[in-house]
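Structure, as structure tokens:
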Amino acid sequence: MRNDPALLAPLPAPINPLLQESNATSILDELRQVVFQTDRAGRWTFLNRAWEALTSNSVATALGGSCLAHVHPDDRSREQARLDQLLLGERDCCRHEVRYLRADGEVRWVDVFARAQRDANGRVTGTVGTLFDVTERKRAREQGRLAAGVFASAGEGILVTSADGRIVDVNQAFEAITGYARAEVLGKNPSLLSSGRQGKEFYADMWRRIEQEGRWNGEVWNRRKSGELYVERLTVTAIRDEAGQLSHHVGVFADITRQKRQAEHLEHIAHYDPLTGLANRRLLADRLQQAMGRARRKGGGVGVASLDLDDFKKVNDLHGHECGDELLVAVARRIQDVVRDSDTVCRLGGDEFVAVFDGVESLAACQPMVARLLQAIAEPLHLGGALVRVSASAGLAFYPQSEDVDADQLIRQADQAMFDAKVGGKNRYLSFDTLGYRVMIERAEELDALERAIVRHEFTLHYQPIVHLGTGQLNSVEALVRWNHPTRGCLAPGSFLPTLEGHPLMLTLENWILAEAFRQHERWLDAGLDIAISVNMSGAQLRRKDLVQHVRGLLAAHPRVNPRRIKLEVLESSALEDMGHVSNLIRQCTEIGIGFALDDFGTGYSSLRYLKQLPAKRIKIDQGFVRDMLQDPDDLAILEGVIGMAAAFKREVVAEGVETEEHAAMLVQLGCMLAQGYGIARPMPAQALAPWLASWRLPPSVASCTPLDRDDTLLLKALVEQRAWHAGLTNAGCPQRFHQADVANGTQTFNEWLDLSSRKREPCRLSLGRALACRDAFMAQLGAYAASAGDAPADAAAAGLRCQAASQAFAAALRELLDAWKQ
């Protein structure tokens, strides 16, 4: 026995009571329900950590406090009574629900189980028990009771089906609406209610939307148990379980048959003529608007015929109003028999009818239909034993027109044409002359307004400076007319001068403009300013035989005006209409000191022969070429050519449309030193010119520029070509389309410049080095981009972005080199 290993093994260590208590506490702290203990006074002596989750108060704070401290005030007296019963030994245990208040004021429902705790002698020493948060369970229970109440008492029919489409429950309203008892439909498919009025496609679309969106609502025709059809407004909702699997469908519906029929009746009354059954004015407007909308979207056109019976009053007077009503009904039937099913016939009232021809190709296609209508109406009728004959007059209008019109305007046009047909002899139709009538009316109204404006002195002149880009000095101003319209504000000439073309008022207005320019020059002289003024002349002025005499008269009336400070501007296209007369006119004006300028040069023929024959000393390049010169190589080439032509013929050049400092700098580099445009100054009232002149300074970026040598303009051309290439790449969007466009970039022109400018490279070696490096990088990325044409879209797009970045860097390097070169 002494050698028995079991006897020799060490005895287990005695269990440490403190460790055992600690383990028990740790286990209790893991429980979700609160475990508690109180003393005989109802004070907490033990709480596990679930207390903190329930009340958002710490255990340490609660211990020693009253166990009723967190009970809702409304429940506290009842809870105190229960506690007293336990502590007095009147009850052994209790279980109930009570409301607790969290520290943030939120109310939680708690399931309380408490037992009286006794000592060895059976005396009550306190209580022990658990607290369990049942708030969510209670809410769910309440919602369930509420849902059951709603289900039973709802006025709408409700049916619930299983996932496989079998009815599992219906409410009383379902029974009342359908006539089926609950027991009759349980386990059946809802298709037993089907009326057959909706096809398979309707239900397929409905179930597809339920599957995709989880719900569907709309109107459905169903059949009651009695066989009677009814229409319901139905909402079907898919119900899914916690795993996301379909468990049920719930349908909620209301019987709207009565409302539907009542609405249809009201709809008919609201949209149809009670006598003839034809559409009324309201329905006509709707149908016509729809037809016009289809014409806008799909092409084609719409014809509107307005018909009015001739001498209908005589029928009423001779045969009575009852016979007249019968006639209107018969005429309505005849009109409907003639028109197509897709057309609309309307009775506006009395003996007025309108026919809308939908989907017609032209006005000519409508005319035979209107002729047939008139022929059908003119057939004799037997009414009340009498033979009645009537005819009709018709007017025809067509949509679309050159200007947009609405449905009311189209009907009014047809009415106007119908009235003209009646005046012209009745029993006929006329078509509305849309374009001629509108143009005539609008131009007449505009001319009247312009004539009144001249009389009321509503016109004024604004002046736009023309400056020298080398010195910054003011060269002259161009006088530009403005109309101070009483309601539309200050109007630019483009909004009213086209109306005056070919009208004597044009000469009246231009005579005032020229005289006002003379008067303004004198006012500036009084203020110590000697400012030259350019005045625009129309073709009508140029054709005047007495223009030179008129100018002489102005000079005589304003002797302080130096004729060399007045210049007349004529459009190049106007000057070419009668080359000989205009050339002679320019020479005569030059003899008295008045100079001429060719405006918008480049928009006409701009040939060397015309430039030679027209002795105008100033050429104004059209702003369209100047505006786009920064990124359009063609416009840059035109500018360079015009500037070269002007230099060869010793003409002064003014560039219009200078909008930025970069425009101005590039013009200086090209050798054009006179400019005007918004980048310098907008046209301004005469009184604003002196303050502007006092504050005007040439921008430093322009002042530092000098004209480039002929060879060095290649560098400018390379920059513009690269910008144009970059814009083409951005707009193309994919390698295939861009390479098919075959847009030249600036590398070739840059290389040409390098070959011609090898002697001048030393002063700007750093800028040139960057330009060369950027060129090489751009060419490498360009090759990679071209090779990406067959790659995946994402790879091709990435190659395009890299190529764009390299293109931008090359253009920036060219700009930097150009700035360095000009210095």
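Chains: A, B, ... in order of the structure tokens. Residues: from 1 per chain. Ligands: from 1, in order shown.
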ask   = Excluding same-chain residues fewer than 3 positions from stretch 460-462 of chain A, what lies within 6 Å of it counting only C-alpha atoms, as a count of residues only?
value = 7
A:Ser306 surroundings by only C-alpha atoms, 6 Å radius, close-in-sequence under 4 positions cut, as a PyMOL selection string = chain A and resi 354+394-395+414-415
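Proximity to A:Ala295 at 12 Å, evaluated using only C-alpha atoms and with sequence-adjacent residues fewer than 2 positions away removed, yields Leu288, Gln289, Gln290, Ala291, Met292, Gly293, Arg297, Lys298, Gly299, Gly300, Gly301, Val302, Gly303, Phe357, Asp358, Gly359, Val360, Glu361, Ser362, Phe398, Tyr399, Pro400 and Gln401 of chain A.
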Keeping only N, CA and C atoms, write those residues as a tab-separated table (two decimals), in the first residue's frame.
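Generated file (out.tsv):
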chain	number	residue	atom	x	y	z
A	288	LEU	N	-55.91	68.05	-80.12
A	288	LEU	CA	-55.05	68.83	-81.02
A	288	LEU	C	-53.65	68.97	-80.43
A	289	GLN	N	-53.56	69.20	-79.13
A	289	GLN	CA	-52.24	69.30	-78.49
A	289	GLN	C	-51.49	67.98	-78.60
A	290	GLN	N	-52.19	66.86	-78.42
A	290	GLN	CA	-51.55	65.56	-78.56
A	290	GLN	C	-51.06	65.34	-79.99
A	291	ALA	N	-51.90	65.69	-80.96
A	291	ALA	CA	-51.50	65.52	-82.37
A	291	ALA	C	-50.29	66.38	-82.70
A	292	MET	N	-50.26	67.60	-82.19
A	292	MET	CA	-49.12	68.48	-82.45
A	292	MET	C	-47.86	67.94	-81.76
A	293	GLY	N	-48.04	67.36	-80.57
A	293	GLY	CA	-46.89	66.76	-79.88
A	293	GLY	C	-46.33	65.59	-80.67
A	297	ARG	N	-42.52	65.09	-82.31
A	297	ARG	CA	-41.62	63.98	-81.98
A	297	ARG	C	-41.32	63.08	-83.17
A	298	LYS	N	-42.32	62.81	-83.98
A	298	LYS	CA	-42.18	61.79	-85.02
A	298	LYS	C	-42.16	62.34	-86.44
A	299	GLY	N	-42.39	63.64	-86.59
A	299	GLY	CA	-42.47	64.20	-87.93
A	299	GLY	C	-43.90	64.19	-88.42
A	300	GLY	N	-44.10	64.56	-89.67
A	300	GLY	CA	-45.44	64.67	-90.19
A	300	GLY	C	-46.06	65.99	-89.78
A	301	GLY	N	-47.38	66.09	-89.92
A	301	GLY	CA	-48.03	67.34	-89.62
A	301	GLY	C	-49.46	67.14	-89.18
A	302	VAL	N	-50.13	68.25	-88.89
A	302	VAL	CA	-51.51	68.26	-88.43
A	302	VAL	C	-52.25	69.34	-89.20
A	303	GLY	N	-53.40	68.99	-89.74
A	303	GLY	CA	-54.25	69.97	-90.41
A	303	GLY	C	-55.47	70.28	-89.55
A	357	PHE	N	-57.02	66.82	-88.75
A	357	PHE	CA	-56.45	65.75	-89.56
A	357	PHE	C	-55.08	65.40	-89.00
A	358	ASP	N	-54.99	64.26	-88.36
A	358	ASP	CA	-53.76	63.86	-87.65
A	358	ASP	C	-52.85	63.07	-88.59
A	359	GLY	N	-51.55	63.35	-88.50
A	359	GLY	CA	-50.57	62.55	-89.24
A	359	GLY	C	-50.57	62.79	-90.73
A	360	VAL	N	-50.88	64.00	-91.18
A	360	VAL	CA	-50.82	64.32	-92.61
A	360	VAL	C	-49.45	64.89	-92.95
A	361	GLU	N	-49.04	64.74	-94.18
A	361	GLU	CA	-47.68	65.12	-94.57
A	361	GLU	C	-47.55	66.59	-94.92
A	362	SER	N	-48.63	67.19	-95.45
A	362	SER	CA	-48.51	68.57	-95.93
A	362	SER	C	-49.89	69.21	-95.97
A	398	PHE	N	-52.25	74.67	-91.04
A	398	PHE	CA	-51.38	73.48	-90.98
A	398	PHE	C	-50.27	73.70	-89.97
A	399	TYR	N	-49.91	72.59	-89.32
A	399	TYR	CA	-48.80	72.58	-88.35
A	399	TYR	C	-47.85	71.44	-88.74
A	400	PRO	N	-46.51	71.63	-88.68
A	400	PRO	CA	-45.77	72.77	-88.11
A	400	PRO	C	-45.61	73.92	-89.08
A	401	GLN	N	-45.23	75.06	-88.52
A	401	GLN	CA	-44.99	76.27	-89.29
A	401	GLN	C	-43.57	76.75	-89.05
task = Pull the alpha helix (DSSP H) assignments for stretch 392-592 of chain A out of DSSP run on the backbone, and list those residues as a VMD selection string.
result = chain A and resid 407 to 423 434 to 455 497 to 500 504 to 526 539 to 542 547 to 557 572 to 575 579 to 591
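The smallest atom-to-atom distance between A:Gly800 and any of A:Gln722, A:Asn731, A:Gln676, A:Thr747, using only C-alpha atoms, is found for A:Asn731.
Pairwise distance (atom CA of A:Gly580, atom CA of A:Arg543) equals 11.3 Å.
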